[in-house]
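What follows is the content of model_37.cif (mmCIF, C-alpha atoms and all ligand atoms).
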```
data_input
loop_
_atom_site.label_atom_id
_atom_site.label_comp_id
_atom_site.auth_asym_id
_atom_site.auth_seq_id
_atom_site.Cartn_x
_atom_site.Cartn_y
_atom_site.Cartn_z
CA ASN H 1 108.62 80.97 102.13
CA THR H 2 112.35 81.26 101.38
CA ARG H 3 112.41 82.80 97.91
CA LEU H 4 114.62 85.66 99.14
CA ALA H 5 116.34 83.91 102.03
CA GLY H 6 119.73 85.41 102.84
CA LYS H 7 119.17 88.53 100.75
CA HIS H 8 119.21 92.18 101.79
CA ALA H 9 116.63 94.36 100.05
CA LEU H 10 116.29 98.13 99.89
CA VAL H 11 112.84 99.50 99.01
CA THR H 12 112.03 103.17 98.35
CA ALA H 13 108.56 104.64 98.94
CA ALA H 14 107.75 101.70 101.19
CA GLY H 15 105.33 103.65 103.36
CA ALA H 16 102.24 103.10 101.24
CA GLY H 17 100.82 101.40 98.18
CA ILE H 18 102.98 99.17 95.99
CA GLY H 19 106.20 99.84 97.92
CA ARG H 20 104.62 98.84 101.20
CA ALA H 21 103.07 95.65 99.80
CA THR H 22 106.42 94.77 98.23
CA ALA H 23 108.46 95.40 101.39
CA LEU H 24 106.13 93.03 103.20
CA ALA H 25 106.25 90.41 100.41
CA PHE H 26 110.08 90.57 100.45
CA ALA H 27 110.15 90.10 104.24
CA GLU H 28 107.70 87.20 104.06
CA ALA H 29 110.00 85.62 101.47
CA GLY H 30 112.88 85.67 103.95
CA ALA H 31 114.72 88.87 103.02
CA GLN H 32 116.13 91.40 105.46
CA VAL H 33 114.32 94.51 104.27
CA LEU H 34 115.39 98.13 104.66
CA ALA H 35 112.15 100.00 104.02
CA THR H 36 112.48 103.72 103.31
CA ASP H 37 110.09 106.62 102.77
CA ILE H 38 109.64 110.27 103.73
CA ASP H 39 106.59 109.36 105.82
CA THR H 40 108.12 108.11 109.06
CA ALA H 41 104.76 107.37 110.72
CA ALA H 42 103.89 105.07 107.82
CA LEU H 43 107.29 103.40 108.17
CA GLU H 44 106.72 102.80 111.87
CA SER H 45 103.43 101.04 111.22
CA LEU H 46 105.08 98.95 108.49
CA ALA H 47 107.95 97.91 110.77
CA ALA H 48 105.38 96.63 113.25
CA THR H 49 104.05 94.15 110.69
CA HIS H 50 107.22 92.03 110.31
CA PRO H 51 110.40 91.47 112.35
CA SER H 52 112.65 91.43 109.25
CA ILE H 53 111.68 94.97 108.24
CA ARG H 54 113.98 97.80 109.34
CA THR H 55 113.05 101.32 108.41
CA GLN H 56 114.83 104.56 107.70
CA ARG H 57 113.69 107.93 106.43
CA LEU H 58 114.91 108.50 102.87
CA ASP H 59 113.85 111.29 100.54
CA VAL H 60 114.89 109.95 97.13
CA THR H 61 115.50 113.51 95.89
CA ARG H 62 118.25 114.03 98.50
CA THR H 63 121.63 112.76 97.33
CA ASP H 64 123.16 113.37 100.79
CA GLU H 65 120.58 111.05 102.33
CA ILE H 66 121.18 108.42 99.62
CA ASP H 67 124.95 108.64 100.19
CA ALA H 68 124.59 108.14 103.94
CA LEU H 69 122.10 105.30 103.62
CA VAL H 70 124.14 103.30 101.11
CA ALA H 71 127.38 103.92 103.04
CA ALA H 72 125.77 102.44 106.15
CA ASN H 73 124.21 99.50 104.24
CA ASN H 74 126.80 98.29 101.76
CA SER H 75 125.53 94.78 101.07
CA ILE H 76 122.29 95.34 99.20
CA ASP H 77 121.29 92.40 96.97
CA VAL H 78 117.93 93.74 95.85
CA LEU H 79 117.13 97.37 95.06
CA PHE H 80 113.48 98.19 94.41
CA ASN H 81 113.21 101.76 93.12
CA CYS H 82 109.52 102.36 93.73
CA ALA H 83 109.26 106.08 94.52
CA GLY H 84 107.33 108.05 91.93
CA PHE H 85 105.27 111.19 91.49
CA VAL H 86 102.26 111.66 89.19
CA HIS H 87 101.84 115.08 87.64
CA ALA H 88 98.51 115.41 85.84
CA GLY H 89 98.11 117.38 82.64
CA THR H 90 99.12 117.83 79.01
CA ILE H 91 102.33 119.57 77.95
CA LEU H 92 100.39 122.86 78.09
CA ASP H 93 99.54 122.29 81.75
CA THR H 94 103.13 121.39 82.67
CA ASP H 95 105.35 124.19 83.92
CA GLU H 96 109.09 123.82 84.26
CA GLN H 97 108.83 123.17 87.99
CA ALA H 98 106.44 120.24 87.52
CA TRP H 99 108.65 118.90 84.72
CA LYS H 100 111.78 119.08 86.89
CA ARG H 101 110.06 117.64 89.96
CA SER H 102 108.80 114.70 87.87
CA PHE H 103 112.33 113.95 86.67
CA SER H 104 113.83 114.49 90.11
CA ILE H 105 111.56 111.97 91.89
CA ASN H 106 110.99 109.50 89.06
CA VAL H 107 114.33 109.35 87.21
CA ASP H 108 117.17 111.19 88.99
CA SER H 109 116.42 109.17 92.15
CA MET H 110 117.07 105.93 90.23
CA PHE H 111 120.28 107.33 88.73
CA HIS H 112 121.61 108.20 92.19
CA LEU H 113 120.49 105.00 93.90
CA CYS H 114 121.65 102.61 91.16
CA LYS H 115 124.99 104.41 90.86
CA ARG H 116 125.69 104.00 94.57
CA VAL H 117 124.28 100.50 95.08
CA LEU H 118 125.81 98.91 91.95
CA PRO H 119 129.49 98.85 93.03
CA GLY H 120 128.65 96.66 96.04
CA MET H 121 126.55 94.33 93.88
CA LEU H 122 129.38 94.02 91.35
CA GLU H 123 131.90 93.34 94.10
CA ARG H 124 129.78 90.42 95.32
CA GLY H 125 128.86 89.41 91.76
CA ARG H 126 125.14 89.38 92.45
CA GLY H 127 122.24 91.75 92.51
CA SER H 128 118.78 92.47 91.19
CA ILE H 129 117.52 95.98 90.53
CA VAL H 130 113.80 96.42 89.95
CA ASN H 131 112.64 99.81 88.69
CA MET H 132 109.09 101.12 88.79
CA SER H 133 107.93 102.37 85.41
CA SER H 134 104.32 102.37 84.18
CA VAL H 135 102.24 101.46 81.17
CA ALA H 136 101.99 105.25 80.82
CA SER H 137 105.50 105.51 79.32
CA SER H 138 106.90 104.42 75.95
CA ILE H 139 104.29 101.63 76.03
CA LYS H 140 101.12 103.67 75.83
CA GLY H 141 100.14 107.30 75.38
CA VAL H 142 97.76 108.18 78.22
CA PRO H 143 95.90 111.51 78.22
CA ASN H 144 96.98 114.06 80.85
CA ARG H 145 100.10 112.18 81.88
CA PHE H 146 102.64 114.16 79.84
CA ALA H 147 105.48 114.69 82.34
CA TYR H 148 104.78 111.42 84.14
CA SER H 149 104.85 109.27 81.00
CA THR H 150 108.02 110.99 79.77
CA THR H 151 109.81 110.12 83.01
CA LYS H 152 108.50 106.56 83.06
CA ALA H 153 109.77 106.07 79.48
CA ALA H 154 113.16 107.29 80.72
CA VAL H 155 113.02 104.64 83.46
CA ILE H 156 112.79 101.98 80.74
CA GLY H 157 115.88 103.38 78.99
CA LEU H 158 117.79 103.55 82.27
CA THR H 159 116.78 99.98 83.09
CA ARG H 160 117.80 98.49 79.74
CA SER H 161 121.12 100.37 79.74
CA ILE H 162 122.12 99.12 83.19
CA ALA H 163 121.05 95.60 82.23
CA ALA H 164 123.18 95.70 79.07
CA ASP H 165 126.25 97.09 80.84
CA PHE H 166 126.31 94.53 83.65
CA VAL H 167 124.69 91.46 82.07
CA ALA H 168 127.89 89.40 82.39
CA ARG H 169 128.68 90.49 85.95
CA GLY H 170 125.83 89.00 87.95
CA VAL H 171 123.65 92.07 88.20
CA ARG H 172 120.21 92.11 86.62
CA CYS H 173 117.95 95.11 86.07
CA ASN H 174 114.28 94.94 85.08
CA ALA H 175 111.31 97.31 84.95
CA ILE H 176 107.71 96.91 86.05
CA CYS H 177 104.89 98.65 84.19
CA PRO H 178 101.59 98.55 86.06
CA GLY H 179 98.22 99.71 84.81
CA THR H 180 96.01 101.49 87.34
CA VAL H 181 96.51 100.15 90.84
CA LYS H 182 94.33 100.94 93.82
CA THR H 183 96.71 102.71 96.22
CA PRO H 184 96.27 105.57 98.72
CA SER H 185 97.79 108.09 96.31
CA LEU H 186 95.24 107.17 93.65
CA GLY H 187 92.58 108.03 96.23
CA ASP H 188 94.32 111.39 96.79
CA ARG H 189 94.34 112.08 93.06
CA VAL H 190 90.63 111.26 92.80
CA ARG H 191 89.85 113.63 95.70
CA ALA H 192 92.09 116.34 94.20
CA LEU H 193 90.09 116.29 90.97
CA GLY H 194 87.07 117.38 93.02
CA GLY H 195 83.48 116.97 91.92
CA ASP H 196 81.86 113.57 91.65
CA GLU H 197 84.41 111.18 93.21
CA GLU H 198 82.25 108.19 92.40
CA ALA H 199 82.35 109.12 88.69
CA VAL H 200 86.13 109.58 88.75
CA TRP H 201 86.61 106.12 90.30
CA ARG H 202 84.31 104.71 87.62
CA SER H 203 86.38 106.36 84.88
CA PHE H 204 89.59 104.81 86.28
CA ILE H 205 87.90 101.40 86.43
CA GLU H 206 86.28 101.72 83.01
CA ARG H 207 89.62 102.24 81.25
CA GLN H 208 90.72 98.85 82.63
CA PRO H 209 89.31 96.20 80.26
CA MET H 210 89.24 93.66 83.08
CA GLY H 211 86.70 95.85 84.82
CA ARG H 212 88.72 96.38 87.96
CA LEU H 213 91.87 98.07 89.22
CA GLY H 214 95.00 96.16 90.16
CA THR H 215 96.01 95.58 93.77
CA PRO H 216 99.40 96.50 95.30
CA GLU H 217 99.85 92.80 96.13
CA GLU H 218 99.56 91.85 92.44
CA ILE H 219 102.43 94.21 91.62
CA ALA H 220 104.42 93.05 94.67
CA ALA H 221 104.21 89.46 93.40
CA LEU H 222 105.98 90.49 90.18
CA ALA H 223 108.59 92.53 92.06
CA LEU H 224 109.28 89.51 94.27
CA TYR H 225 109.74 87.26 91.24
CA LEU H 226 112.17 89.72 89.62
CA ALA H 227 114.05 90.19 92.89
CA SER H 228 114.48 86.45 93.43
CA ASP H 229 116.77 83.94 91.69
CA GLU H 230 113.71 82.39 90.02
CA SER H 231 114.15 85.11 87.40
CA ALA H 232 117.93 84.57 87.10
CA PHE H 233 117.70 84.38 83.27
CA THR H 234 115.73 87.64 83.01
CA THR H 235 117.38 91.03 82.58
CA GLY H 236 116.70 94.22 80.63
CA THR H 237 113.03 93.39 80.36
CA VAL H 238 109.90 95.46 80.74
CA HIS H 239 107.13 93.63 82.59
CA VAL H 240 103.60 94.81 81.93
CA VAL H 241 101.05 94.05 84.66
CA ASP H 242 98.01 96.05 83.64
CA GLY H 243 94.86 93.93 83.46
CA GLY H 244 95.06 94.05 79.67
CA TRP H 245 94.96 97.88 79.44
CA SER H 246 97.77 98.16 76.88
CA ASN H 247 96.69 95.11 74.87
P1 LIG E 1 102.14 106.31 96.28
O1 LIG E 1 102.21 107.26 95.15
O2 LIG E 1 100.91 106.18 97.06
O3 LIG E 1 103.40 106.66 97.18
C1 LIG E 1 103.99 105.74 98.02
C2 LIG E 1 104.93 106.44 98.95
O4 LIG E 1 105.85 107.33 98.28
C3 LIG E 1 104.27 107.29 100.02
O5 LIG E 1 104.38 106.62 101.24
C4 LIG E 1 105.07 108.60 99.99
O6 LIG E 1 105.35 109.07 101.29
C5 LIG E 1 106.34 108.18 99.28
N1 LIG E 1 107.12 109.29 98.72
C6 LIG E 1 106.66 110.40 98.09
N2 LIG E 1 107.68 111.20 97.78
C7 LIG E 1 108.82 110.59 98.18
C8 LIG E 1 110.22 110.92 98.15
N3 LIG E 1 110.65 112.08 97.62
N4 LIG E 1 111.11 110.04 98.67
C9 LIG E 1 110.68 108.89 99.21
N5 LIG E 1 109.39 108.52 99.29
C10 LIG E 1 108.47 109.36 98.78
O7 LIG E 1 102.45 104.82 95.79
P2 LIG E 1 101.94 103.96 94.57
O8 LIG E 1 100.69 104.51 93.95
O9 LIG E 1 101.96 102.59 95.08
O10 LIG E 1 103.08 104.18 93.50
C11 LIG E 1 104.36 103.61 93.67
C12 LIG E 1 105.08 103.62 92.34
O11 LIG E 1 104.31 102.90 91.38
C13 LIG E 1 105.30 105.01 91.74
O12 LIG E 1 106.55 105.05 91.10
C14 LIG E 1 104.19 105.12 90.71
O13 LIG E 1 104.49 106.01 89.68
C15 LIG E 1 104.13 103.68 90.23
N6 LIG E 1 102.86 103.34 89.58
C16 LIG E 1 101.70 103.43 90.27
C17 LIG E 1 100.50 103.11 89.64
C18 LIG E 1 99.18 103.23 90.34
O14 LIG E 1 98.15 103.14 89.68
N7 LIG E 1 99.15 103.38 91.64
C19 LIG E 1 100.52 102.69 88.29
C20 LIG E 1 101.73 102.60 87.63
C21 LIG E 1 102.91 102.92 88.28
#
```
Whole structure, structure tokens version:
Amino acid sequence: NTRLAGKHALVTAAGAGIGRATALAFAEAGAQVLATDIDTAALESLAATHPSIRTQRLDVTRTDEIDALVAANNSIDVLFNCAGFVHAGTILDTDEQAWKRSFSINVDSMFHLCKRVLPGMLERGRGSIVNMSSVASSIKGVPNRFAYSTTKAAVIGLTRSIAADFVARGVRCNAICPGTVKTPSLGDRVRALGGDEEAVWRSFIERQPMGRLGTPEEIAALALYLASDESAFTTGTVHVVDGGWSN
């Protein structure tokens, strides 16, 4: 398909899960995709799946790496800020390091990337920024997601502010709020909890009223829509894709 024909897209955390599915969906829609991650082996295997996917190592917490990457790729039309880190626990389980790390990966990364990518978008008068938030944010209080939900609520504020500031200059900015999606890192979190893995999976599934988890492809479909001109009249919005969890 040609939904993103002629567009250059930058995707963070494209090695696995939602970022990977989205990088592939963007490439299949005709975009030239720069897929980034800290996991270079994962990037290599992704690059092998589609000729329009280029890859580069990018740690979203490193401003020097962001500077270099954006300087070398100054015509980005679509920025998908997907990188995120889940810290588990209540406020009492959250030390300052976990708090700061959550903000560094989930929020500061978007500040730095948007700030550097925006000038080029404004110069060309076109651009779509898609930011990964979560239903666990200002939408819904979820137990044991204190630091995570705080950062994902901040992502919504960041998204709406950018949208408001540049609404008349051709740049749109929207947020995606998934429910629980079956990705490799969810598997890691289940294993990390220890004990009866089967029961933990069941508990994740049971909190989804649809009786199943989401797939990375279902989130990628929304990211593709928001990246493309089909959503040209949509900015500053918060898109929930959660199997009815927050309803
Ligand atoms: P994930 O957590 O499995 O991670 C994907 C990739 O992020 C990995 O390849 C990893 O190498 C990379 N990564 C980790 N630290 C990085 C860093 N500092 N810089 C660059 N890359 C880094 O992926 P996921 O579960 O698909 O989550 C992607 C996004 O979606 C996150 O922002 C997450 O918070 C959000 N989200 C996920 C779910 C879910 O249920 N999976 C639900 C709501 C929101």
Set the cut-off to 6 Å, count only C-alpha atoms and all ligand atoms, and list whatever residues fall near ligand LIG 1 (chain E) as a CSV table (one decimal) with C-alpha atoms, keeping the file's coordinate frame.
```csv
chain,number,residue,atom,x,y,z
H,12,THR,CA,112.0,103.2,98.4
H,13,ALA,CA,108.6,104.6,98.9
H,14,ALA,CA,107.8,101.7,101.2
H,15,GLY,CA,105.3,103.6,103.4
H,16,ALA,CA,102.2,103.1,101.2
H,17,GLY,CA,100.8,101.4,98.2
H,18,ILE,CA,103.0,99.2,96.0
H,19,GLY,CA,106.2,99.8,97.9
H,37,ASP,CA,110.1,106.6,102.8
H,38,ILE,CA,109.6,110.3,103.7
H,39,ASP,CA,106.6,109.4,105.8
H,58,LEU,CA,114.9,108.5,102.9
H,59,ASP,CA,113.8,111.3,100.5
H,60,VAL,CA,114.9,110.0,97.1
H,61,THR,CA,115.5,113.5,95.9
H,82,CYS,CA,109.5,102.4,93.7
H,83,ALA,CA,109.3,106.1,94.5
H,84,GLY,CA,107.3,108.0,91.9
H,85,PHE,CA,105.3,111.2,91.5
H,105,ILE,CA,111.6,112.0,91.9
H,132,MET,CA,109.1,101.1,88.8
H,133,SER,CA,107.9,102.4,85.4
H,134,SER,CA,104.3,102.4,84.2
H,178,PRO,CA,101.6,98.6,86.1
H,179,GLY,CA,98.2,99.7,84.8
H,180,THR,CA,96.0,101.5,87.3
H,181,VAL,CA,96.5,100.2,90.8
H,182,LYS,CA,94.3,100.9,93.8
H,183,THR,CA,96.7,102.7,96.2
H,184,PRO,CA,96.3,105.6,98.7
H,185,SER,CA,97.8,108.1,96.3
H,186,LEU,CA,95.2,107.2,93.6
```
Practice prompt. For Thr90 of chain H, work out the shell of residues within 7 Å, counting all atoms listed in the file and skipping chain neighbours fewer than 3 positions away, then give it as an MDAnalysis selection string.
Written response: chainID H and resid 93:94 144:146
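Between atom CA of Ser45 of chain H and atom CA of Val33 of chain H lies a distance of 14.5 Å.
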Worksheet entry | Expected answer as a list in words: all residues with atoms within 10 Å of (106.9, 112.3, 79.1), all atoms listed in the file |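 Nearby residues: Thr90, Ile91, Trp99, Ser102, Phe103, Ala136, Ser137, Ser138, Gly141, Arg145, Phe146, Ala147, Tyr148, Ser149, Thr150, Thr151, Lys152, Ala153 and Ala154 of chain H.
Nearest-residue note for Ile205 of chain H: choosing from H:Gly243, H:Gly6, H:Pro119, H:Gly157, the minimum distance belongs to H:Gly243, counting all atoms listed in the file.
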Once you count all atoms listed in the file, what closest atom pair and distance in Å to one decimal does each residue of segment 27-116 of chain H within 10 Å of segment 171-176 of chain H have, with rows by chain and rising residue number, as a tab-separated table?
```
residue	atom	partner	partner_atom	distance
H:Asp77	CA	H:Val171	CA	9.1
H:Val78	CA	H:Arg172	CA	9.6
H:Leu79	CA	H:Cys173	CA	9.3
H:Phe80	CA	H:Ala175	CA	9.7
H:Asn81	CA	H:Ala175	CA	9.5
H:Cys82	CA	H:Ile176	CA	9.6
H:Cys114	CA	H:Cys173	CA	9.8
```
With 7 Å as the threshold, what does the neighbourhood of (115.5, 106.0, 88.7) contain in terms of residues, counting all atoms listed in the file? Coordinates are those of the file; answer as a compact mmCIF listing (two decimals) with C-alpha atoms, in the coordinates of the input.
```txt
# COMPACT_ATOMS: atom_id res chain seq x y z
CA ASN H 81 113.21 101.76 93.12
CA ASN H 106 110.99 109.50 89.06
CA VAL H 107 114.33 109.35 87.21
CA ASP H 108 117.17 111.19 88.99
CA SER H 109 116.42 109.17 92.15
CA MET H 110 117.07 105.93 90.23
CA PHE H 111 120.28 107.33 88.73
CA ASN H 131 112.64 99.81 88.69
CA VAL H 155 113.02 104.64 83.46
```
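Taking atom CA of Ala9 of chain H and atom CA of Ala29 of chain H as the two end points, the separation is 11.1 Å.
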Worksheet item: How many Å lie between atom CA of Gly244 of chain H and atom CA of Pro209 of chain H, rounded to one decimal?
Response: 6.2 Å
Worksheet entry | Which residue of H:Ser228, H:Thr235, H:Gln208, H:Ser104 approaches Ala168 of chain H most closely, using only C-alpha atoms | H:Thr235
Worksheet entry | Nearest candidate to Thr49 of chain H (options H:Ala27, H:Ala98, H:Ile76, H:Ile139; using only C-alpha atoms) | H:Ala27
Item to complete: Within 12 Å of Glu230 of chain H, counting only C-alpha atoms, which residues show up once you throw out same-chain ones fewer than 6 positions away? Write them as a PyMOL selection string, please.
Response: chain H and resi 2-4+128+222-224
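Of the residues under consideration (H:Val190, H:Trp245, H:Arg62, H:Gly236), H:Trp245 shows the shortest atom-to-atom contact distance to Gly211 of chain H when counting only C-alpha atoms.
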Worksheet item: Nearest to Thr215 of chain H among H:Val241, H:Gly194, H:Ala88, H:Gly120, with distances taken over only C-alpha atoms: which residue is it?
Response: H:Val241
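If you measure from each of H:Val117, H:Ala25, H:Val135, H:Leu122 to Ala71 of chain H using all atoms listed in the file, the closest one turns out to be H:Val117.
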With N, CA and C atoms as the goal, would you fill in the gaps in segment 166-188 of chain H and present it as a short mmCIF file (atom, residue, chain, number, x, y, z; two decimals), in the coordinates of the input?
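result-v5.cif, freshly written:
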```cif
data_model
loop_
_atom_site.label_atom_id
_atom_site.label_comp_id
_atom_site.auth_asym_id
_atom_site.auth_seq_id
_atom_site.Cartn_x
_atom_site.Cartn_y
_atom_site.Cartn_z
N PHE H 166 125.85 95.43 82.58
CA PHE H 166 126.31 94.53 83.65
C PHE H 166 125.79 93.11 83.51
N VAL H 167 125.32 92.77 82.30
CA VAL H 167 124.69 91.46 82.07
C VAL H 167 125.63 90.30 82.39
N ALA H 168 126.93 90.51 82.18
CA ALA H 168 127.89 89.40 82.39
C ALA H 168 128.52 89.44 83.78
N ARG H 169 128.03 90.33 84.65
CA ARG H 169 128.68 90.49 85.95
C ARG H 169 127.77 90.20 87.14
N GLY H 170 126.67 89.48 86.85
CA GLY H 170 125.83 89.00 87.95
C GLY H 170 124.76 89.95 88.43
N VAL H 171 124.67 91.10 87.77
CA VAL H 171 123.65 92.07 88.20
C VAL H 171 122.58 92.19 87.12
N ARG H 172 121.34 92.00 87.54
CA ARG H 172 120.21 92.11 86.62
C ARG H 172 119.42 93.38 86.92
N CYS H 173 118.74 93.89 85.89
CA CYS H 173 117.95 95.11 86.07
C CYS H 173 116.71 95.01 85.18
N ASN H 174 115.54 95.10 85.80
CA ASN H 174 114.28 94.94 85.08
C ASN H 174 113.29 96.03 85.51
N ALA H 175 112.32 96.28 84.65
CA ALA H 175 111.31 97.31 84.95
C ALA H 175 109.92 96.70 85.04
N ILE H 176 109.11 97.32 85.88
CA ILE H 176 107.71 96.91 86.05
C ILE H 176 106.81 98.03 85.54
N CYS H 177 105.82 97.66 84.74
CA CYS H 177 104.89 98.65 84.19
C CYS H 177 103.46 98.31 84.56
N PRO H 178 102.98 98.83 85.68
CA PRO H 178 101.59 98.55 86.06
C PRO H 178 100.59 99.39 85.26
N GLY H 179 99.37 98.88 85.20
CA GLY H 179 98.22 99.71 84.81
C GLY H 179 97.77 100.45 86.06
N THR H 180 96.49 100.72 86.18
CA THR H 180 96.01 101.49 87.34
C THR H 180 95.84 100.56 88.54
N VAL H 181 96.49 100.95 89.63
CA VAL H 181 96.51 100.15 90.84
C VAL H 181 95.86 100.93 91.97
N LYS H 182 95.04 100.25 92.73
CA LYS H 182 94.33 100.94 93.82
C LYS H 182 95.27 101.15 95.01
N THR H 183 95.79 102.36 95.13
CA THR H 183 96.71 102.71 96.22
C THR H 183 96.21 104.01 96.87
N PRO H 184 96.71 104.34 98.06
CA PRO H 184 96.27 105.57 98.72
C PRO H 184 96.46 106.82 97.86
N SER H 185 97.56 106.88 97.09
CA SER H 185 97.79 108.09 96.31
C SER H 185 96.79 108.22 95.18
N LEU H 186 96.28 107.09 94.68
CA LEU H 186 95.24 107.17 93.65
C LEU H 186 93.99 107.80 94.27
N GLY H 187 93.69 107.41 95.50
CA GLY H 187 92.58 108.03 96.23
C GLY H 187 92.77 109.54 96.37
N ASP H 188 94.02 109.95 96.67
CA ASP H 188 94.32 111.39 96.79
C ASP H 188 94.06 112.10 95.47
#
```
